[in-house]
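The data block below is data-v9.txt; it holds compact mmCIF, C-alpha atoms.
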```
# COMPACT_ATOMS: atom_id res chain seq x y z
CA MET M 174 4.91 -5.70 -20.91
CA ALA M 175 8.39 -4.20 -20.57
CA GLU M 176 7.26 -1.08 -22.43
CA LEU M 177 4.33 -0.72 -20.04
CA MET M 178 6.62 -0.91 -17.00
CA LEU M 179 9.56 1.20 -18.19
CA GLY M 180 8.10 4.54 -19.26
CA GLU M 181 9.25 7.81 -17.71
CA ASP M 182 5.86 8.35 -16.02
CA GLN M 183 5.94 4.83 -14.59
CA GLY M 184 9.39 5.51 -13.17
CA LYS M 185 8.09 8.62 -11.47
CA LEU M 186 5.14 6.64 -10.09
CA PHE M 187 7.50 3.97 -8.71
CA SER M 188 9.66 6.66 -7.14
CA LEU M 189 6.68 8.45 -5.58
CA MET M 190 4.94 5.18 -4.67
CA GLY M 191 1.94 6.34 -6.70
CA SER M 192 0.26 9.61 -7.58
CA ASP M 193 -3.03 10.90 -8.98
CA SER M 194 -1.27 13.75 -10.77
CA PRO M 195 -2.80 14.40 -14.19
CA ALA M 196 0.77 14.76 -15.48
CA LEU M 197 1.31 11.05 -14.73
CA ARG M 198 -1.97 9.82 -16.23
CA ALA M 199 -0.22 7.86 -19.01
CA GLY M 200 1.92 6.07 -16.44
CA ASN M 201 -1.09 5.13 -14.35
CA GLU M 202 -2.89 3.86 -17.43
CA ALA M 203 0.13 1.73 -18.32
CA LEU M 204 0.23 0.24 -14.80
CA ASP M 205 -3.50 -0.45 -14.99
CA GLU M 206 -2.89 -2.27 -18.26
CA VAL M 207 -0.11 -4.33 -16.67
CA ILE M 208 -2.50 -5.41 -13.94
CA GLY M 209 -5.37 -6.04 -16.34
CA ARG M 210 -3.55 -7.82 -19.16
CA TYR M 211 -0.53 -9.31 -17.43
CA GLY M 212 -1.73 -9.70 -13.85
CA ASP M 213 -0.12 -13.13 -13.49
CA HIS M 214 3.32 -11.92 -14.55
CA PRO M 215 5.84 -11.68 -11.67
CA LEU M 216 6.46 -7.96 -12.33
CA ALA M 217 2.76 -7.09 -11.99
CA VAL M 218 3.25 -7.14 -8.21
CA TYR M 219 5.11 -3.83 -8.48
CA ALA M 220 2.28 -2.21 -10.41
CA ARG M 221 -0.13 -3.46 -7.72
CA LEU M 222 2.16 -2.12 -4.99
CA VAL M 223 2.21 1.38 -6.49
CA LYS M 224 -1.55 1.38 -7.15
CA GLY M 225 -2.31 -0.02 -3.68
CA LEU M 226 -0.11 2.42 -1.79
CA ASN M 227 -1.53 5.33 -3.74
CA ALA M 228 -5.14 4.27 -3.22
CA GLU M 229 -4.59 3.74 0.49
CA ARG M 230 -3.58 7.35 1.14
CA GLU M 231 -5.25 10.64 0.38
CA PHE M 232 -4.07 12.74 -2.54
CA LYS M 233 -3.96 16.53 -2.43
CA GLU M 234 -3.93 18.68 -5.53
CA LEU M 235 -3.67 22.43 -5.84
CA THR M 236 -5.92 23.48 -8.72
CA ALA M 237 -5.38 26.36 -11.15
CA GLY M 238 -7.43 28.69 -8.94
CA ASN M 239 -5.23 27.90 -5.92
CA ARG M 240 -7.95 25.74 -4.46
CA LEU M 241 -7.03 22.60 -2.59
CA ARG M 242 -8.74 19.45 -3.83
CA VAL M 243 -8.40 16.34 -1.66
CA ARG M 244 -9.09 12.81 -2.86
CA PRO M 245 -9.76 10.73 0.24
CA PRO M 246 -8.12 7.34 0.65
CA ASP M 247 -9.79 4.42 -1.12
CA PRO M 248 -9.20 1.62 1.39
CA LYS M 249 -11.17 -0.91 -0.65
CA GLN M 250 -8.93 -0.52 -3.71
CA GLY M 251 -5.85 -0.36 -1.46
CA ILE M 252 -6.86 -3.63 0.20
CA GLU M 253 -7.44 -5.29 -3.15
CA HIS M 254 -3.99 -4.44 -4.50
CA LEU M 255 -2.00 -4.76 -1.27
CA THR M 256 -3.53 -8.16 -0.45
CA ALA M 257 -2.19 -9.42 -3.78
CA VAL M 258 1.22 -7.92 -2.99
CA ALA M 259 1.29 -9.55 0.47
CA ARG M 260 0.57 -12.95 -1.11
CA ASP M 261 3.44 -12.66 -3.59
CA ALA M 262 6.44 -14.77 -2.58
CA GLY M 263 8.75 -12.93 -4.98
CA ILE M 264 8.97 -9.54 -3.30
CA ASP M 265 11.75 -8.60 -0.94
CA ASN M 266 11.23 -8.52 2.83
CA ILE M 267 11.34 -4.73 3.17
CA THR M 268 8.66 -4.27 0.52
CA LEU M 269 6.56 -7.03 2.07
CA ASN M 270 6.79 -5.37 5.48
CA LEU M 271 5.71 -2.01 4.04
CA ALA M 272 2.84 -3.55 2.06
CA MET M 273 1.49 -5.47 5.03
CA ARG M 274 1.61 -2.49 7.40
CA ARG M 275 -0.21 -0.34 4.85
CA LEU M 276 -2.70 -3.15 4.23
CA ALA M 277 -3.45 -3.21 7.96
CA ARG M 278 -4.01 0.56 7.87
CA ALA M 279 -6.41 0.20 4.95
CA GLU M 280 -8.35 -2.50 6.82
CA ALA M 281 -8.59 -0.21 9.85
CA ARG M 282 -9.83 2.65 7.66
CA GLN M 283 -12.60 0.32 6.50
CA GLY M 284 -13.49 -0.02 10.19
CA ASP M 285 -12.22 -3.59 10.57
CA ILE M 286 -9.67 -3.41 13.39
CA VAL M 287 -9.88 -7.18 13.89
CA ARG M 288 -8.81 -7.74 10.29
CA ALA M 289 -6.10 -5.07 10.63
CA ASN M 290 -4.68 -6.83 13.68
CA ALA M 291 -4.86 -10.17 11.87
CA VAL M 292 -2.74 -8.71 9.05
CA MET M 293 -0.11 -7.67 11.59
CA ASP M 294 -0.17 -11.12 13.20
CA LYS M 295 0.21 -12.68 9.75
CA MET M 296 3.13 -10.36 9.02
CA VAL M 297 4.97 -11.62 12.10
CA ALA M 298 4.13 -15.24 11.29
CA THR M 299 5.30 -14.79 7.70
CA PHE M 300 8.69 -13.49 8.77
CA GLU M 301 9.01 -16.17 11.45
CA ALA M 302 8.38 -18.81 8.77
CA LYS M 303 11.02 -17.19 6.55
CA GLY M 304 13.54 -17.67 9.34
CA VAL M 305 14.73 -14.07 9.40
CA ASN M 306 17.42 -13.05 11.86
CA GLU M 307 16.10 -12.89 15.43
CA ILE M 308 17.11 -9.24 15.83
CA VAL M 309 15.21 -8.33 12.66
CA LEU M 310 12.26 -10.44 13.81
CA GLY M 311 12.21 -8.54 17.09
CA GLN M 312 11.97 -5.27 15.16
CA ILE M 313 9.14 -6.68 13.03
CA ARG M 314 7.25 -7.74 16.17
CA ARG M 315 7.66 -4.24 17.61
CA GLN M 316 6.45 -2.68 14.34
CA ALA M 317 3.39 -4.95 14.39
CA GLU M 318 2.52 -4.02 17.98
CA LEU M 319 3.07 -0.30 17.37
CA THR M 320 0.92 -0.48 14.23
CA LYS M 321 -1.86 -2.26 16.14
CA SER M 322 -1.75 0.36 18.91
CA ALA M 323 -1.74 3.27 16.48
CA LEU M 324 -4.64 1.88 14.45
CA SER M 325 -6.68 1.20 17.59
CA ALA M 326 -6.02 4.76 18.79
CA GLU M 327 -7.12 6.17 15.42
CA LEU M 328 -10.44 4.36 15.64
CA SER M 329 -11.07 5.43 19.25
```
Encoded form using structure tokens:
Amino acid sequence: MAELMLGEDQGKLFSLMGSDSPALRAGNEALDEVIGRYGDHPLAVYARLVKGLNAEREFKELTAGNRLRVRPPDPKQGIEHLTAVARDAGIDNITLNLAMRRLARAEARQGDIVRANAVMDKMVATFEAKGVNEIVLGQIRRQAELTKSALSAELS
């Protein structure tokens, strides 16, 4: 599994938080193999994070003929991966916060604003249960409310 996680392409994918670039195909295939063969391993959460963040956003590619090709977001795949990340108790708080906010955005893109808001409520409850510093918790609450407002505005 270490070889699958530590390649140069995988490092670029971790740095970029995912990419559909054909130049990084081998790295994406390695991360897919990590998820498929070693999905229960604690490090698989990072492969899921990269794949989920990448799926949740659009990808733009300039082709050889200077034509712009856009791959739209795939909220369903983003939700699948980011839900698994949000359930993982081993990731750090900053990564968890990012994953949950992007998960809420993916839910909203699927047209489920109720579910998106529930993810934000769960994010706040998760950090309350962790007993994070009250100042940090205040920031997390503000992020959750801002995310809810922004997602509602996008759907309007």
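A straight line drawn from atom CA of M:Glu229 to atom CA of M:Asn306 is 29.9 Å long.
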(request) Kindly indicate which residue among M:Val292, M:Val297, M:Ser325, M:Ser192 lies nearest to M:Glu234, using only C-alpha atoms for the distances. (result) M:Ser192
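Nearest residue to M:Ser329, choosing from M:His214, M:Arg282, M:Lys224, M:Arg260 and counting only C-alpha atoms: M:Arg282.
Of the listed residues (M:Asn201, M:Asn266, M:Thr299, M:Thr256), M:Asn201 comes nearest to M:Asp182; the distances count only C-alpha atoms.
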(request) Please provide as a VMD selection string all residues within 10 Å of M:Leu186, with the sequence filter that same-chain residues fewer than 4 positions apart are discarded (counting all atoms listed in the file). (result) chain M and resid 180 to 182 190 to 194 197 to 198 200 to 201 204 220 223 to 224 227
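One distance worth recording is that between atom CA of M:Gly251 and atom CA of M:Ala228, which is 5.0 Å.
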(request) Name all residues at most 12 Å from M:Met273 (count all atoms listed in the file; drop same-chain ones fewer than 2 positions away) and give them as a PyMOL selection string. (result) chain M and resi 222+225-226+229+251-252+254-261+264+266-271+275-280+288-300+313+316-317+320
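Comparing M:Val309, M:Glu231, M:Ala175, M:Ile286 by their smallest distance to M:Glu206, the closest is M:Ala175 (using all atoms listed in the file).
Of the residues under consideration (M:Glu327, M:Asp285, M:Glu307, M:Glu301), M:Asp285 shows the shortest atom-to-atom contact distance to M:Pro248 when counting only C-alpha atoms.
Take the candidates M:Ala203, M:Ala196, M:Ala262, M:Ala323 and check each one against M:Val218 using all atoms listed in the file; the shortest distance goes to M:Ala262.
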Would you mind putting back N, CA, C and O atoms on stretch 278-304 of chain M, then writing it out as a CSV table (one decimal), in the frame of the given file?
```
chain,number,residue,atom,x,y,z
M,278,ARG,N,-3.4,-0.8,7.8
M,278,ARG,CA,-4.0,0.6,7.9
M,278,ARG,C,-5.3,0.7,7.0
M,278,ARG,O,-6.3,1.3,7.4
M,279,ALA,N,-5.2,0.1,5.8
M,279,ALA,CA,-6.4,0.2,5.0
M,279,ALA,C,-7.6,-0.6,5.6
M,279,ALA,O,-8.7,-0.1,5.5
M,280,GLU,N,-7.3,-1.7,6.2
M,280,GLU,CA,-8.4,-2.5,6.8
M,280,GLU,C,-8.9,-1.7,8.0
M,280,GLU,O,-10.2,-1.7,8.2
M,281,ALA,N,-8.1,-1.0,8.7
M,281,ALA,CA,-8.6,-0.2,9.8
M,281,ALA,C,-9.4,0.9,9.3
M,281,ALA,O,-10.5,1.3,9.9
M,282,ARG,N,-9.0,1.6,8.2
M,282,ARG,CA,-9.8,2.6,7.7
M,282,ARG,C,-11.2,2.2,7.2
M,282,ARG,O,-12.1,3.0,7.1
M,283,GLN,N,-11.3,0.9,6.9
M,283,GLN,CA,-12.6,0.3,6.5
M,283,GLN,C,-13.4,0.0,7.8
M,283,GLN,O,-14.5,-0.4,7.7
M,284,GLY,N,-12.8,0.2,8.9
M,284,GLY,CA,-13.5,0.0,10.2
M,284,GLY,C,-13.3,-1.4,10.7
M,284,GLY,O,-14.0,-1.8,11.7
M,285,ASP,N,-12.4,-2.2,10.2
M,285,ASP,CA,-12.2,-3.6,10.6
M,285,ASP,C,-10.9,-3.7,11.3
M,285,ASP,O,-9.9,-4.2,10.8
M,286,ILE,N,-10.9,-3.3,12.6
M,286,ILE,CA,-9.7,-3.4,13.4
M,286,ILE,C,-9.2,-4.9,13.6
M,286,ILE,O,-8.1,-5.2,13.7
M,287,VAL,N,-10.2,-5.8,13.7
M,287,VAL,CA,-9.9,-7.2,13.9
M,287,VAL,C,-9.1,-7.7,12.7
M,287,VAL,O,-8.0,-8.4,12.9
M,288,ARG,N,-9.5,-7.3,11.5
M,288,ARG,CA,-8.8,-7.7,10.3
M,288,ARG,C,-7.4,-7.1,10.2
M,288,ARG,O,-6.4,-7.7,9.8
M,289,ALA,N,-7.4,-5.8,10.6
M,289,ALA,CA,-6.1,-5.1,10.6
M,289,ALA,C,-5.1,-5.8,11.6
M,289,ALA,O,-3.9,-6.0,11.2
M,290,ASN,N,-5.6,-6.1,12.7
M,290,ASN,CA,-4.7,-6.8,13.7
M,290,ASN,C,-4.3,-8.2,13.1
M,290,ASN,O,-3.1,-8.6,13.3
M,291,ALA,N,-5.2,-8.9,12.5
M,291,ALA,CA,-4.9,-10.2,11.9
M,291,ALA,C,-3.8,-10.0,10.8
M,291,ALA,O,-2.9,-10.9,10.7
M,292,VAL,N,-3.8,-9.0,10.1
M,292,VAL,CA,-2.7,-8.7,9.0
M,292,VAL,C,-1.4,-8.6,9.7
M,292,VAL,O,-0.4,-9.1,9.3
M,293,MET,N,-1.4,-7.8,10.9
M,293,MET,CA,-0.1,-7.7,11.6
M,293,MET,C,0.4,-9.0,12.2
M,293,MET,O,1.6,-9.3,12.2
M,294,ASP,N,-0.6,-9.8,12.7
M,294,ASP,CA,-0.2,-11.1,13.2
M,294,ASP,C,0.4,-12.0,12.1
M,294,ASP,O,1.4,-12.7,12.3
M,295,LYS,N,-0.2,-11.9,10.9
M,295,LYS,CA,0.2,-12.7,9.8
M,295,LYS,C,1.6,-12.2,9.3
M,295,LYS,O,2.4,-13.0,8.9
M,296,MET,N,1.8,-10.9,9.4
M,296,MET,CA,3.1,-10.4,9.0
M,296,MET,C,4.2,-11.0,9.9
M,296,MET,O,5.2,-11.5,9.4
M,297,VAL,N,4.0,-11.0,11.2
M,297,VAL,CA,5.0,-11.6,12.1
M,297,VAL,C,5.2,-13.1,11.8
M,297,VAL,O,6.3,-13.6,11.7
M,298,ALA,N,4.1,-13.8,11.6
M,298,ALA,CA,4.1,-15.2,11.3
M,298,ALA,C,4.9,-15.5,10.0
M,298,ALA,O,5.6,-16.5,9.9
M,299,THR,N,4.6,-14.6,9.0
M,299,THR,CA,5.3,-14.8,7.7
M,299,THR,C,6.8,-14.7,7.8
M,299,THR,O,7.6,-15.5,7.3
M,300,PHE,N,7.2,-13.7,8.6
M,300,PHE,CA,8.7,-13.5,8.8
M,300,PHE,C,9.3,-14.6,9.7
M,300,PHE,O,10.4,-14.9,9.5
M,301,GLU,N,8.5,-15.0,10.6
M,301,GLU,CA,9.0,-16.2,11.4
M,301,GLU,C,9.2,-17.4,10.6
M,301,GLU,O,10.3,-18.1,10.7
M,302,ALA,N,8.3,-17.7,9.7
M,302,ALA,CA,8.4,-18.8,8.8
M,302,ALA,C,9.5,-18.7,7.8
M,302,ALA,O,10.1,-19.7,7.4
M,303,LYS,N,9.9,-17.4,7.5
M,303,LYS,CA,11.0,-17.2,6.6
M,303,LYS,C,12.4,-17.4,7.3
M,303,LYS,O,13.4,-17.5,6.6
M,304,GLY,N,12.3,-17.5,8.6
M,304,GLY,CA,13.5,-17.7,9.3
M,304,GLY,C,14.5,-16.5,9.4
M,304,GLY,O,15.7,-16.6,9.4
```
